[in-house]
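Source file: start_29.tsv; contents: TSV, C-alpha atoms.
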chain	number	residue	atom	x	y	z
A	1	MET	CA	-9.65	-0.67	3.59
A	2	ARG	CA	-8.22	-3.72	1.94
A	3	ALA	CA	-10.94	-6.25	2.75
A	4	VAL	CA	-13.67	-3.71	2.19
A	5	ALA	CA	-12.31	-2.96	-1.25
A	6	ALA	CA	-12.27	-6.67	-2.04
A	7	MET	CA	-15.85	-7.14	-0.89
A	8	CYS	CA	-17.41	-3.93	-2.17
A	9	VAL	CA	-19.88	-4.11	-5.01
A	10	ALA	CA	-20.88	-0.48	-4.65
A	11	ALA	CA	-19.11	2.60	-5.88
A	12	THR	CA	-17.96	3.90	-2.51
A	13	CYS	CA	-16.59	2.17	0.57
A	14	PHE	CA	-15.93	3.55	4.00
A	15	ALA	CA	-13.75	2.99	7.01
A	16	PHE	CA	-14.94	2.29	10.55
A	17	ALA	CA	-17.22	4.55	12.60
A	18	ALA	CA	-18.06	5.15	16.26
A	19	CYS	CA	-18.90	2.93	19.19
A	20	GLY	CA	-22.15	2.39	21.08
A	21	ASN	CA	-22.88	1.51	24.66
A	22	SER	CA	-25.01	-1.63	24.76
A	23	ASN	CA	-24.27	-5.26	24.01
A	24	THR	CA	-27.38	-6.03	21.99
A	25	SER	CA	-28.99	-2.83	20.89
A	26	GLU	CA	-30.87	-0.99	18.26
A	27	SER	CA	-28.74	1.70	16.71
A	28	THR	CA	-29.35	4.95	18.53
A	29	GLY	CA	-26.15	6.81	17.76
A	30	ASN	CA	-24.95	6.72	21.37
A	31	SER	CA	-21.19	7.01	21.18
A	32	SER	CA	-18.12	7.77	23.20
A	33	ALA	CA	-16.85	9.82	20.29
A	34	SER	CA	-17.31	13.58	20.27
A	35	SER	CA	-19.92	15.11	18.00
A	36	SER	CA	-17.16	16.91	16.13
A	37	ALA	CA	-15.57	13.57	15.28
A	38	THR	CA	-18.73	12.46	13.48
A	39	SER	CA	-19.53	15.80	11.87
A	40	GLY	CA	-20.75	15.26	8.34
A	41	LEU	CA	-22.04	11.77	9.13
A	42	THR	CA	-25.65	10.73	9.58
A	43	LYS	CA	-26.92	7.92	11.81
A	44	ILE	CA	-28.67	4.84	10.49
A	45	GLU	CA	-31.75	4.04	12.56
A	46	GLY	CA	-33.64	0.79	13.08
A	47	VAL	CA	-30.86	-1.81	12.82
A	48	LYS	CA	-30.23	-4.40	15.55
A	49	ASP	CA	-27.40	-6.88	16.00
A	50	THR	CA	-28.67	-9.80	18.09
A	51	ALA	CA	-25.40	-11.77	18.16
A	52	LYS	CA	-23.18	-12.01	21.21
A	53	VAL	CA	-20.56	-9.32	21.55
A	54	GLY	CA	-17.57	-10.05	19.33
A	55	GLU	CA	-19.29	-12.78	17.30
A	56	LYS	CA	-20.46	-12.68	13.69
A	57	PRO	CA	-23.28	-10.13	13.53
A	58	VAL	CA	-26.89	-11.21	13.09
A	59	LEU	CA	-28.80	-8.20	11.81
A	60	GLU	CA	-32.48	-7.40	12.14
A	61	PHE	CA	-34.08	-4.49	10.29
A	62	LYS	CA	-37.22	-3.68	8.36
A	63	LYS	CA	-36.70	-4.31	4.66
A	64	PRO	CA	-36.10	-2.50	2.47
A	65	LEU	CA	-33.93	-0.21	4.58
A	66	GLU	CA	-33.37	3.25	3.17
A	67	ILE	CA	-29.78	4.43	3.72
A	68	SER	CA	-27.40	7.03	2.35
A	69	ASN	CA	-23.67	7.35	1.94
A	70	ASN	CA	-21.74	8.93	4.82
A	71	SER	CA	-23.96	7.17	7.33
A	72	TYR	CA	-23.22	4.86	10.24
A	73	ALA	CA	-24.83	2.93	13.07
A	74	VAL	CA	-23.42	1.68	16.35
A	75	LEU	CA	-24.60	-1.90	16.76
A	76	GLN	CA	-22.50	-3.29	19.62
A	77	GLU	CA	-20.12	-1.77	22.11
A	78	GLY	CA	-17.17	-4.07	22.60
A	79	ASP	CA	-15.87	-5.50	25.84
A	80	GLY	CA	-12.18	-5.27	24.97
A	81	ALA	CA	-9.48	-2.65	25.30
A	82	VAL	CA	-10.03	0.83	23.92
A	83	VAL	CA	-8.30	1.34	20.57
A	84	GLU	CA	-5.27	3.54	21.09
A	85	PRO	CA	-4.38	6.41	18.73
A	86	GLY	CA	-1.92	5.32	16.07
A	87	ASN	CA	-2.62	1.60	16.52
A	88	ARG	CA	-3.37	-0.70	13.60
A	89	VAL	CA	-6.83	-2.24	13.84
A	90	CYS	CA	-7.90	-5.63	12.45
A	91	ALA	CA	-11.58	-6.30	11.82
A	92	GLN	CA	-13.97	-8.90	10.49
A	93	GLY	CA	-16.41	-7.59	7.90
A	94	MET	CA	-19.58	-8.48	6.02
A	95	MET	CA	-21.69	-6.85	3.31
A	96	VAL	CA	-25.47	-6.98	3.80
A	97	ASP	CA	-28.02	-6.08	1.13
A	98	THR	CA	-30.39	-3.51	2.66
A	99	LYS	CA	-33.25	-4.55	0.38
A	100	THR	CA	-33.19	-8.29	1.11
A	101	GLY	CA	-31.07	-8.68	4.22
A	102	ASP	CA	-28.86	-11.19	2.38
A	103	VAL	CA	-25.19	-11.41	3.33
A	104	LYS	CA	-23.37	-10.81	0.07
A	105	SER	CA	-19.83	-11.41	1.34
A	106	SER	CA	-18.05	-12.03	4.62
A	107	THR	CA	-14.55	-12.47	6.03
A	108	TRP	CA	-15.79	-14.38	9.09
A	109	GLU	CA	-15.67	-17.78	7.42
A	110	SER	CA	-12.11	-17.44	6.12
A	111	ASN	CA	-10.89	-15.47	9.18
A	112	GLN	CA	-8.96	-13.18	6.82
A	113	MET	CA	-9.32	-10.01	8.82
A	114	ASP	CA	-8.74	-6.58	7.35
A	115	CYS	CA	-5.83	-4.93	9.16
A	116	SER	CA	-5.48	-1.89	6.92
A	117	LEU	CA	-6.92	0.74	9.23
A	118	VAL	CA	-4.78	2.89	11.52
A	119	ALA	CA	-6.49	4.95	14.22
A	120	ALA	CA	-5.70	8.64	14.03
A	121	LYS	CA	-3.08	10.19	16.26
A	122	PRO	CA	-3.80	13.53	17.94
A	123	GLY	CA	-3.61	16.35	15.42
A	124	GLU	CA	-3.64	14.09	12.36
A	125	ALA	CA	-5.89	15.06	9.48
A	126	LYS	CA	-8.02	11.95	9.06
A	127	THR	CA	-11.55	11.27	7.85
A	128	SER	CA	-14.32	11.42	10.44
A	129	TYR	CA	-14.55	7.62	10.42
A	130	MET	CA	-10.89	7.07	11.19
A	131	THR	CA	-10.82	9.74	13.87
A	132	VAL	CA	-13.77	8.12	15.66
A	133	ILE	CA	-11.86	4.82	15.88
A	134	ASN	CA	-9.99	6.22	18.85
A	135	GLY	CA	-13.14	5.93	20.99
A	136	LEU	CA	-13.94	2.32	20.13
A	137	LYS	CA	-13.34	-0.81	22.16
A	138	LEU	CA	-12.26	-4.09	20.62
A	139	ASN	CA	-15.25	-6.35	19.78
A	140	SER	CA	-17.32	-3.28	18.90
A	141	THR	CA	-19.50	-3.69	15.81
A	142	VAL	CA	-20.42	-0.78	13.58
A	143	ALA	CA	-22.19	-0.47	10.25
A	144	PHE	CA	-21.78	1.99	7.38
A	145	GLY	CA	-24.21	2.85	4.64
A	146	ILE	CA	-23.17	2.32	1.04
A	147	ASN	CA	-25.60	3.57	-1.61
A	148	ASP	CA	-24.74	3.04	-5.26
A	149	SER	CA	-27.30	4.99	-7.25
A	150	SER	CA	-25.83	3.84	-10.57
A	151	SER	CA	-26.89	0.24	-9.87
A	152	ASN	CA	-29.81	1.05	-7.56
A	153	SER	CA	-28.07	-0.98	-4.85
A	154	SER	CA	-27.46	-0.28	-1.19
A	155	TYR	CA	-25.58	-2.17	1.49
A	156	LEU	CA	-24.52	-2.17	5.09
A	157	MET	CA	-20.78	-2.67	5.56
A	158	VAL	CA	-20.63	-4.23	9.03
A	159	MET	CA	-17.28	-4.30	10.81
A	160	THR	CA	-16.31	-5.91	14.12
A	161	LEU	CA	-13.01	-4.72	15.59
A	162	LYS	CA	-11.00	-7.71	16.81
A	163	LYS	CA	-7.33	-6.82	17.35
A	164	GLN	CA	-4.96	-3.88	17.57
A	165	SER	CA	-1.21	-3.59	17.31
A	166	LYS	CA	1.52	-0.98	16.99
A	167	ASP	CA	3.52	-0.69	13.78
A	168	LEU	CA	7.26	-0.50	14.14
A	169	THR	CA	8.84	2.92	13.72
A	170	LYS	CA	12.10	1.57	12.29
A	171	ALA	CA	13.69	-1.77	11.40
A	172	GLU	CA	14.21	-4.01	14.41
A	173	GLY	CA	16.04	-7.31	14.40
A	174	THR	CA	19.47	-8.78	13.92
A	175	LYS	CA	22.13	-6.88	12.00
A	176	VAL	CA	23.31	-8.95	9.06
A	177	LYS	CA	26.99	-9.85	9.00
A	178	ASN	CA	29.25	-10.54	6.02
A	179	ILE	CA	27.60	-8.03	3.71
A	180	PRO	CA	29.58	-7.92	0.44
A	181	SER	CA	32.23	-5.23	0.76
A	182	ASN	CA	31.64	-3.79	-2.72
A	183	LEU	CA	28.05	-2.73	-2.00
A	184	PRO	CA	27.08	0.76	-0.85
A	185	LYS	CA	27.59	1.33	2.87
A	186	VAL	CA	24.48	2.18	4.88
A	187	THR	CA	24.43	3.76	8.32
A	188	ASN	CA	21.39	4.60	10.43
A	189	ALA	CA	20.60	7.51	12.71
A	190	ALA	CA	19.14	6.84	16.14
A	191	ASP	CA	15.62	7.17	14.76
A	192	GLY	CA	16.43	4.66	12.01
A	193	LYS	CA	16.81	7.09	9.10
A	194	PRO	CA	19.43	5.71	6.68
A	195	SER	CA	22.30	7.50	5.01
A	196	ILE	CA	24.52	6.03	2.34
A	197	ASP	CA	28.09	5.99	1.04
A	198	MET	CA	28.09	4.64	-2.52
A	199	ASN	CA	31.55	3.22	-1.87
A	200	GLY	CA	32.51	3.50	-5.53
A	201	TYR	CA	29.68	1.15	-6.46
A	202	LYS	CA	28.91	1.08	-10.19
A	203	GLY	CA	25.59	-0.75	-10.12
A	204	SER	CA	24.41	-4.07	-11.49
A	205	ASP	CA	22.44	-5.25	-14.48
A	206	LYS	CA	20.60	-7.63	-12.16
A	207	LEU	CA	18.48	-7.00	-9.09
A	208	VAL	CA	20.51	-6.94	-5.87
A	209	VAL	CA	18.63	-7.71	-2.65
A	210	GLN	CA	20.75	-7.39	0.49
A	211	PRO	CA	19.13	-7.52	3.94
A	212	LEU	CA	20.91	-5.20	6.35
A	213	ILE	CA	18.75	-5.99	9.37
A	214	GLU	CA	16.76	-9.21	9.52
A	215	GLY	CA	13.45	-8.79	11.30
A	216	ASN	CA	11.51	-11.39	13.26
A	217	GLY	CA	8.04	-10.72	11.85
A	218	ASP	CA	5.90	-12.33	9.18
A	219	LYS	CA	7.19	-12.72	5.64
A	220	LEU	CA	5.79	-10.57	2.86
A	221	GLU	CA	3.83	-12.55	0.27
A	222	SER	CA	2.56	-11.68	-3.16
A	223	ASN	CA	-0.89	-10.88	-1.74
A	224	SER	CA	0.44	-8.78	1.15
A	225	TYR	CA	0.48	-5.09	1.75
A	226	ALA	CA	3.69	-3.85	3.36
A	227	VAL	CA	4.01	-0.68	5.44
A	228	VAL	CA	7.48	0.75	4.83
A	229	LYS	CA	9.78	3.73	5.20
A	230	TYR	CA	12.34	4.20	2.47
A	231	THR	CA	14.97	6.40	0.88
A	232	GLY	CA	16.08	6.25	-2.75
A	233	TRP	CA	19.33	7.40	-4.39
A	234	LEU	CA	20.94	7.44	-7.81
A	235	LEU	CA	24.34	5.82	-8.23
A	236	ASP	CA	26.03	9.20	-7.94
A	237	GLY	CA	24.67	9.46	-4.41
A	238	LYS	CA	21.93	11.98	-5.21
A	239	GLN	CA	18.83	11.36	-3.10
A	240	PHE	CA	15.63	11.59	-5.13
A	241	ASP	CA	13.03	10.54	-2.58
A	242	SER	CA	12.63	9.73	1.11
A	243	SER	CA	9.56	9.00	3.19
A	244	TRP	CA	11.76	9.67	6.24
A	245	ASP	CA	12.02	13.31	5.22
A	246	ARG	CA	8.21	13.50	5.02
A	247	ASN	CA	7.85	11.67	8.35
A	248	SER	CA	5.44	9.30	6.65
A	249	THR	CA	5.06	5.65	5.74
A	250	PHE	CA	4.14	4.08	2.42
A	251	ASP	CA	1.83	1.11	1.88
A	252	VAL	CA	3.14	-1.25	-0.81
A	253	ASN	CA	0.66	-3.42	-2.67
A	254	MET	CA	2.76	-6.50	-3.37
A	255	GLN	CA	0.50	-7.35	-6.32
A	256	GLY	CA	1.52	-4.22	-8.24
A	257	GLY	CA	1.44	-0.45	-8.34
A	258	VAL	CA	5.18	-0.04	-7.67
A	259	ILE	CA	8.24	-0.79	-9.77
A	260	GLU	CA	9.02	-4.45	-10.39
A	261	GLY	CA	12.29	-4.25	-8.49
A	262	TRP	CA	10.38	-3.53	-5.30
A	263	LEU	CA	7.96	-6.39	-5.84
A	264	GLN	CA	10.72	-8.90	-6.47
A	265	GLY	CA	13.07	-7.52	-3.83
A	266	LEU	CA	10.60	-7.27	-0.95
A	267	LYS	CA	8.79	-10.57	-1.47
A	268	GLY	CA	9.83	-13.02	1.24
A	269	GLN	CA	11.39	-10.36	3.45
A	270	LYS	CA	10.24	-10.21	7.09
A	271	VAL	CA	8.57	-7.43	9.02
A	272	GLY	CA	11.27	-5.64	11.00
A	273	SER	CA	13.85	-6.02	8.25
A	274	GLU	CA	15.89	-3.31	6.56
A	275	VAL	CA	16.73	-4.16	2.96
A	276	LEU	CA	19.15	-2.63	0.46
A	277	LEU	CA	17.80	-2.86	-3.10
A	278	VAL	CA	19.85	-2.11	-6.22
A	279	ILE	CA	17.38	-1.96	-9.09
A	280	PRO	CA	18.54	-1.91	-12.72
A	281	PRO	CA	16.59	0.18	-15.25
A	282	SER	CA	14.82	-2.92	-16.60
A	283	LEU	CA	13.13	-3.38	-13.20
A	284	GLY	CA	12.77	0.34	-12.51
A	285	TYR	CA	11.63	3.11	-14.84
A	286	GLY	CA	13.47	1.89	-17.93
A	287	ASP	CA	14.16	4.45	-20.64
A	288	LYS	CA	11.66	6.97	-19.26
A	289	ALA	CA	12.66	9.80	-16.94
A	290	GLN	CA	10.66	10.04	-13.73
A	291	GLY	CA	10.86	13.39	-11.94
A	292	GLU	CA	14.44	13.76	-10.71
A	293	ILE	CA	15.30	10.29	-12.00
A	294	PRO	CA	16.91	10.36	-15.46
A	295	ALA	CA	16.07	7.74	-18.04
A	296	ASN	CA	17.96	4.42	-17.78
A	297	SER	CA	18.87	5.00	-14.13
A	298	THR	CA	19.95	2.34	-11.68
A	299	LEU	CA	18.14	2.97	-8.40
A	300	VAL	CA	19.39	2.29	-4.89
A	301	PHE	CA	16.84	1.99	-2.08
A	302	VAL	CA	17.01	1.26	1.61
A	303	VAL	CA	13.60	-0.01	2.79
A	304	ASP	CA	12.49	-0.57	6.39
A	305	ILE	CA	9.51	-2.97	6.63
A	306	LEU	CA	7.36	-1.80	9.56
A	307	ALA	CA	4.18	-3.86	9.24
A	308	LYS	CA	2.22	-6.24	7.03
A	309	TYR	CA	-1.49	-6.56	6.40
Output the file's structure as structure tokens, nothing else.
Amino acid sequence: MRAVAAMCVAATCFAFAACGNSNTSESTGNSSASSSATSGLTKIEGVKDTAKVGEKPVLEFKKPLEISNNSYAVLQEGDGAVVEPGNRVCAQGMMVDTKTGDVKSSTWESNQMDCSLVAAKPGEAKTSYMTVINGLKLNSTVAFGINDSSSNSSYLMVMTLKKQSKDLTKAEGTKVKNIPSNLPKVTNAADGKPSIDMNGYKGSDKLVVQPLIEGNGDKLESNSYAVVKYTGWLLDGKQFDSSWDRNSTFDVNMQGGVIEGWLQGLKGQKVGSEVLLVIPPSLGYGDKAQGEIPANSTLVFVVDILAKY
């Protein structure tokens, strides 16, 4: 999870766990999730959350609290809607030292919720934590044990589920008019999958960013993560990659981890948009071959932006 990764001081971080069935309760492991969903997980005993449902947790436990990795506790059952399979979940989080009870970090004060988690759909191979999300209600609070033996530190990662939403499945918005006639021609199937006619296009030594559909969602910023579907081609029309063919999405860290042409081309684009990117070698893979991509290749991508977190 994005916020968890930012807050973690231990070696391992975890996603959300299961829900309980009392508003202010000691963790007992009561859960609407099936036992198979939590197989491989152990329950943390002796932790109470005395805050009101949906508010910043106030934990009570005997210190020091002995915990292990792959452990969880249900602290509050929420009073909101049940999280639906496939929905994106946003949560507030805090890290609590199990030896002292001190709050080491928290998103509650900045209200910068972590929206990186997607509840599993039926039949998806997900971790036990993510599968259990399907049984939670919004405003539920759960805790996960993090034990870093290398630093002799242990923490509770406490998450309160606040919102859910559905990612788009394809670009949705207004089709852009007056697209330069010399660019490759893109058409979309009913499900949104793009195909391309290179239209005699010879490429460019500069980055070309051409929106094809302008979405109505939030703009991507340099600190965003973008959820996208994409297809990539060489100038000769050869397809070298497509998340559409894998029926999967890709999460883009706008701070790095992808080629520079993506970072520059997607920044400022809106969720719901479809964008044509022509990326010269200097902003792609340069003079190094990459799989089916020869060295010094100009790359052509069509990218659908489905969500931001």
Residues at most 7 Å from segment 300-305 of chain A, counting only C-alpha atoms, excluding those fewer than 3 positions away in the same chain, as a ChimeraX atom specification?
/A:170-171,226-235,271-279
Rounded to one decimal place, report the atom CA of Leu161 of chain A-atom CA of Asp49 of chain A distance in Å.
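Answer for the atom CA of Leu161 of chain A to atom CA of Asp49 of chain A separation: 14.6 Å.
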One decimal, in Å: what's the spacing between atom CA of Leu220 of chain A and atom CA of Ser204 of chain A?
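Interatomic distance here is 24.4 Å.
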Close residues, Gly200 of chain A itself excluded, 12 Å, all atoms listed in the file, min 2 positions apart in chain, as a list in words:
Ser181, Asn182, Leu183, Pro184, Lys185, Ile196, Asp197, Met198, Lys202, Gly203, Leu235, Asp236 and Gly237 of chain A
Which residue of A:Thr169, A:Ser282, A:Asn134, A:Asn178 approaches Ala120 of chain A most closely, using all atoms listed in the file
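Checking each of A:Thr169, A:Ser282, A:Asn134, A:Asn178 against Ala120 of chain A, counting all atoms listed in the file, the winner is A:Asn134.
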Could you work out how far atom CA of Gly54 of chain A lies from atom CA of Gln76 of chain A, giving the answer in Å with one decimal?
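These atoms are spaced 8.4 Å apart.
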With all atoms listed in the file as the counted atoms, please give the residues lying no more than 8 Å from Val83 of chain A, apart from itself and same-chain residues fewer than 2 positions off, as a list in words.
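Here the answer would be Ala81, Pro85, Asn87, Val89, Ala119, Ile133, Asn134, Gly135, Leu136, Lys137, Leu138 and Gln164 of chain A.
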For Leu207 of chain A, which of A:Asn253, A:Ser195, A:Asn147, A:Gln264 is the closest residue, counting all atoms listed in the file?
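Closest residue, counting all atoms listed in the file: A:Gln264.
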From the list A:Val252, A:Leu168, A:Ile179, A:Ala51, the nearest residue to Lys267 of chain A using all atoms listed in the file is A:Val252
With distances taken over only C-alpha atoms, which residue among A:Asn188, A:Leu212, A:Gly261, A:Ala143 lies nearest Trp244 of chain A?
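Smallest separation from Trp244 of chain A among the options: A:Asn188.
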Could you tell me which of A:Leu117, A:Val74, A:Leu306, A:Ile44 comes closest to Asn216 of chain A if we count all atoms listed in the file?
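With all atoms listed in the file as the atom set, the closest residue is A:Leu306.
If only C-alpha atoms are the atoms counted, then among A:Tyr201, A:Pro122, A:Lys162, A:Asp251 the closest residue to Gly80 of chain A is A:Lys162.
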Rebuild segment 277-298 of chain A so that it carries N, CA and C atoms, then output the result as a PDB file, in the frame of the given file.
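In the end it all went to selection.pdb:
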ATOM      1  N   LEU A 277      18.178  -2.410  -1.757  1.00  0.00           N
ATOM      2  CA  LEU A 277      17.800  -2.860  -3.100  1.00  0.00           C
ATOM      3  C   LEU A 277      18.581  -2.055  -4.133  1.00  0.00           C
ATOM      4  N   VAL A 278      19.247  -2.750  -5.041  1.00  0.00           N
ATOM      5  CA  VAL A 278      19.850  -2.110  -6.220  1.00  0.00           C
ATOM      6  C   VAL A 278      19.039  -2.581  -7.411  1.00  0.00           C
ATOM      7  N   ILE A 279      18.366  -1.627  -8.063  1.00  0.00           N
ATOM      8  CA  ILE A 279      17.380  -1.960  -9.090  1.00  0.00           C
ATOM      9  C   ILE A 279      17.848  -1.452 -10.443  1.00  0.00           C
ATOM     10  N   PRO A 280      18.131  -2.349 -11.390  1.00  0.00           N
ATOM     11  CA  PRO A 280      18.540  -1.910 -12.720  1.00  0.00           C
ATOM     12  C   PRO A 280      17.377  -1.273 -13.458  1.00  0.00           C
ATOM     13  N   PRO A 281      17.665  -0.512 -14.521  1.00  0.00           N
ATOM     14  CA  PRO A 281      16.590   0.180 -15.250  1.00  0.00           C
ATOM     15  C   PRO A 281      15.480  -0.752 -15.717  1.00  0.00           C
ATOM     16  N   SER A 282      15.825  -1.985 -16.084  1.00  0.00           N
ATOM     17  CA  SER A 282      14.820  -2.920 -16.600  1.00  0.00           C
ATOM     18  C   SER A 282      13.757  -3.261 -15.564  1.00  0.00           C
ATOM     19  N   LEU A 283      14.084  -3.103 -14.277  1.00  0.00           N
ATOM     20  CA  LEU A 283      13.130  -3.380 -13.200  1.00  0.00           C
ATOM     21  C   LEU A 283      12.703  -2.101 -12.484  1.00  0.00           C
ATOM     22  N   GLY A 284      13.132  -0.958 -13.067  1.00  0.00           N
ATOM     23  CA  GLY A 284      12.770   0.340 -12.510  1.00  0.00           C
ATOM     24  C   GLY A 284      11.901   1.103 -13.482  1.00  0.00           C
ATOM     25  N   TYR A 285      12.414   2.274 -13.935  1.00  0.00           N
ATOM     26  CA  TYR A 285      11.630   3.110 -14.840  1.00  0.00           C
ATOM     27  C   TYR A 285      12.101   3.023 -16.281  1.00  0.00           C
ATOM     28  N   GLY A 286      13.050   2.128 -16.562  1.00  0.00           N
ATOM     29  CA  GLY A 286      13.470   1.890 -17.930  1.00  0.00           C
ATOM     30  C   GLY A 286      14.020   3.137 -18.597  1.00  0.00           C
ATOM     31  N   ASP A 287      13.619   3.335 -19.854  1.00  0.00           N
ATOM     32  CA  ASP A 287      14.160   4.450 -20.640  1.00  0.00           C
ATOM     33  C   ASP A 287      13.327   5.713 -20.515  1.00  0.00           C
ATOM     34  N   LYS A 288      12.481   5.782 -19.481  1.00  0.00           N
ATOM     35  CA  LYS A 288      11.660   6.970 -19.260  1.00  0.00           C
ATOM     36  C   LYS A 288      12.134   7.695 -18.006  1.00  0.00           C
ATOM     37  N   ALA A 289      12.318   9.003 -18.117  1.00  0.00           N
ATOM     38  CA  ALA A 289      12.660   9.800 -16.940  1.00  0.00           C
ATOM     39  C   ALA A 289      11.458   9.877 -16.009  1.00  0.00           C
ATOM     40  N   GLN A 290      11.732   9.985 -14.728  1.00  0.00           N
ATOM     41  CA  GLN A 290      10.660  10.040 -13.730  1.00  0.00           C
ATOM     42  C   GLN A 290      11.040  11.102 -12.702  1.00  0.00           C
ATOM     43  N   GLY A 291      10.510  12.310 -12.855  1.00  0.00           N
ATOM     44  CA  GLY A 291      10.860  13.390 -11.940  1.00  0.00           C
ATOM     45  C   GLY A 291      12.356  13.667 -11.962  1.00  0.00           C
ATOM     46  N   GLU A 292      12.998  13.527 -10.814  1.00  0.00           N
ATOM     47  CA  GLU A 292      14.440  13.760 -10.710  1.00  0.00           C
ATOM     48  C   GLU A 292      15.255  12.559 -11.157  1.00  0.00           C
ATOM     49  N   ILE A 293      14.597  11.508 -11.586  1.00  0.00           N
ATOM     50  CA  ILE A 293      15.300  10.290 -12.000  1.00  0.00           C
ATOM     51  C   ILE A 293      15.478  10.306 -13.516  1.00  0.00           C
ATOM     52  N   PRO A 294      16.698  10.387 -14.008  1.00  0.00           N
ATOM     53  CA  PRO A 294      16.910  10.360 -15.460  1.00  0.00           C
ATOM     54  C   PRO A 294      16.537   9.005 -16.054  1.00  0.00           C
ATOM     55  N   ALA A 295      16.333   8.989 -17.349  1.00  0.00           N
ATOM     56  CA  ALA A 295      16.070   7.740 -18.040  1.00  0.00           C
ATOM     57  C   ALA A 295      17.247   6.781 -17.871  1.00  0.00           C
ATOM     58  N   ASN A 296      16.954   5.491 -17.856  1.00  0.00           N
ATOM     59  CA  ASN A 296      17.960   4.420 -17.780  1.00  0.00           C
ATOM     60  C   ASN A 296      18.799   4.497 -16.501  1.00  0.00           C
ATOM     61  N   SER A 297      18.160   4.882 -15.405  1.00  0.00           N
ATOM     62  CA  SER A 297      18.870   5.000 -14.130  1.00  0.00           C
ATOM     63  C   SER A 297      18.807   3.708 -13.329  1.00  0.00           C
ATOM     64  N   THR A 298      19.935   3.352 -12.725  1.00  0.00           N
ATOM     65  CA  THR A 298      19.950   2.340 -11.680  1.00  0.00           C
ATOM     66  C   THR A 298      19.562   3.017 -10.367  1.00  0.00           C
TER      67      THR A 298
END
